[in-house]
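J.: Got a structure for you, written out below as structure tokens; questions coming shortly.
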Amino acid sequence: MLYRKNITRPESLLRVVAGVALIAASLFWLGATPWGLVLAASGAMGIVTGLFGYCPACAMVGRKPVE
């Protein structure tokens with residue numbers, strides 16, 4: 001493993017659920033417009049960080065790995 005998890009299990013679940021909701025809402029209300037696609041991409045990043053349990057932004061600000 002090249003990384004150590006730095007977000008907890010409940011936060012991972014919340015990131016996945018929020019990512020799915022953000023994708024659905026942005027594509028439903030904004031469609032395939034540039035703004036809708038940007039919001040959908042940010043939702044996808046939330047899903048990826050939730051699934052892997054690692055957030056690069058959290059690591060950059062000094063968040064400690066979860067034991």
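Please note that chains go A, B, ... in the order of the structure tokens, that every chain numbers its residues from 1, and that ligands are numbered from 1 in the order shown.
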Give me the residues near Gly50 in chain A as a list in words, where near means some atom within 6 Å (using only C-alpha atoms) and where sequence neighbours in that chain fewer than 2 positions away do not count.

T.: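 Near Gly50 in chain A, the qualifying residues are Ser12, Arg15, Val16, Ile47, Val48, Phe52 and Gly53 of chain A.
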
J.: So that I can see what lies close to Leu27 in chain A, please list as a list of chain:residue names the residues with an atom at most 7 Å from it, counting only C-alpha atoms and leaving out residues fewer than 5 positions away in the same chain.

T.: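 Near neighbours after the sequence-gap exclusion: A:Ala32, A:Gly36, A:Ala40.
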
J.: With a distance cut-off of 9 Å and only C-alpha atoms, select the neighbouring residues of Val66 in chain A, excluding the residue or stretch itself and same-chain residues fewer than 4 positions from it, and output the selection as a ChimeraX atom specification.

T.: /A:4-8

J.: Using DSSP assignments from the backbone, pull out every residue in chain A that falls under alpha helix (DSSP H) and give it to me as a PyMOL selection string.

T.: chain A and resi 9-29+34-52+56-60

J.: Just to confirm, what's the straight-line distance from CA of Ala57 in chain A to CA of Leu2 in chain A in Å (one decimal)?

T.: 16.2 Å

J.: Please report the interatomic distance between CA of Val17 in chain A and CA of Cys58 in chain A in Å with one decimal.

T.: 18.8 Å

J.: Quote the spacing between CA of Phe28 in chain A and CA of Leu51 in chain A in Å to one decimal place.

T.: 23.8 Å

J.: With only C-alpha atoms as the counted atoms, please give the residues lying no more than 10 Å from Ala41 in chain A, apart from itself and same-chain residues fewer than 3 positions off, as a compact mmCIF listing (two decimals) with all heavy atoms, in the first residue's frame.

T.:
```
# COMPACT_ATOMS: atom_id res chain seq x y z
N GLY A 19 -21.07 12.38 -2.48
CA GLY A 19 -20.61 12.40 -3.87
C GLY A 19 -21.68 11.94 -4.83
O GLY A 19 -21.90 12.55 -5.88
N LEU A 22 -24.30 14.66 -5.01
CA LEU A 22 -23.84 15.81 -5.77
C LEU A 22 -23.86 15.53 -7.27
O LEU A 22 -24.28 16.40 -8.06
CB LEU A 22 -22.43 16.20 -5.34
CG LEU A 22 -21.84 17.46 -5.99
CD1 LEU A 22 -22.71 18.66 -5.71
CD2 LEU A 22 -20.44 17.69 -5.47
N ILE A 23 -23.46 14.36 -7.67
CA ILE A 23 -23.52 14.00 -9.09
C ILE A 23 -24.96 14.00 -9.58
O ILE A 23 -25.28 14.58 -10.63
CB ILE A 23 -22.85 12.64 -9.35
CG1 ILE A 23 -21.35 12.74 -9.15
CG2 ILE A 23 -23.16 12.13 -10.74
CD1 ILE A 23 -20.64 11.41 -9.19
N SER A 26 -26.42 17.67 -9.59
CA SER A 26 -25.84 18.57 -10.59
C SER A 26 -26.28 18.18 -12.00
O SER A 26 -26.59 19.06 -12.81
CB SER A 26 -24.32 18.58 -10.49
OG SER A 26 -23.79 17.33 -10.86
N TRP A 35 -20.80 23.91 -15.99
CA TRP A 35 -20.93 24.00 -14.53
C TRP A 35 -21.44 22.69 -13.94
O TRP A 35 -20.97 22.22 -12.90
CB TRP A 35 -21.83 25.17 -14.17
CG TRP A 35 -21.96 25.42 -12.71
CD1 TRP A 35 -23.10 25.37 -11.99
CD2 TRP A 35 -20.93 25.75 -11.77
NE1 TRP A 35 -22.85 25.65 -10.68
CE2 TRP A 35 -21.52 25.89 -10.51
CE3 TRP A 35 -19.56 25.93 -11.88
CZ2 TRP A 35 -20.79 26.20 -9.38
CZ3 TRP A 35 -18.85 26.24 -10.74
CH2 TRP A 35 -19.47 26.38 -9.52
N GLY A 36 -22.40 22.04 -14.60
CA GLY A 36 -22.91 20.76 -14.13
C GLY A 36 -21.85 19.68 -14.15
O GLY A 36 -21.77 18.85 -13.24
N LEU A 37 -21.02 19.69 -15.19
CA LEU A 37 -19.96 18.68 -15.28
C LEU A 37 -18.86 18.92 -14.25
O LEU A 37 -18.29 17.96 -13.72
CB LEU A 37 -19.37 18.67 -16.69
CG LEU A 37 -20.34 18.21 -17.78
CD1 LEU A 37 -19.70 18.33 -19.15
CD2 LEU A 37 -20.83 16.80 -17.52
N VAL A 38 -18.57 20.18 -13.95
CA VAL A 38 -17.58 20.48 -12.90
C VAL A 38 -18.07 19.99 -11.55
O VAL A 38 -17.32 19.36 -10.78
CB VAL A 38 -17.26 21.98 -12.87
CG1 VAL A 38 -16.51 22.36 -11.60
CG2 VAL A 38 -16.48 22.39 -14.09
N ALA A 44 -17.48 13.05 -8.04
CA ALA A 44 -16.72 11.82 -8.32
C ALA A 44 -15.45 11.77 -7.48
O ALA A 44 -15.06 10.70 -6.99
CB ALA A 44 -16.38 11.75 -9.80
N MET A 45 -14.80 12.91 -7.29
CA MET A 45 -13.60 12.93 -6.43
C MET A 45 -13.97 12.60 -4.98
O MET A 45 -13.20 11.93 -4.29
CB MET A 45 -12.91 14.29 -6.51
CG MET A 45 -12.14 14.51 -7.79
SD MET A 45 -10.96 13.22 -8.14
CE MET A 45 -9.85 13.36 -6.76
N GLY A 46 -15.12 13.06 -4.54
CA GLY A 46 -15.57 12.70 -3.19
C GLY A 46 -15.78 11.20 -3.05
O GLY A 46 -15.42 10.60 -2.03
N ILE A 47 -16.33 10.59 -4.08
CA ILE A 47 -16.54 9.14 -4.06
C ILE A 47 -15.21 8.41 -4.02
O ILE A 47 -15.01 7.46 -3.25
CB ILE A 47 -17.38 8.70 -5.27
CG1 ILE A 47 -18.81 9.24 -5.15
CG2 ILE A 47 -17.40 7.18 -5.40
CD1 ILE A 47 -19.65 9.04 -6.38
```
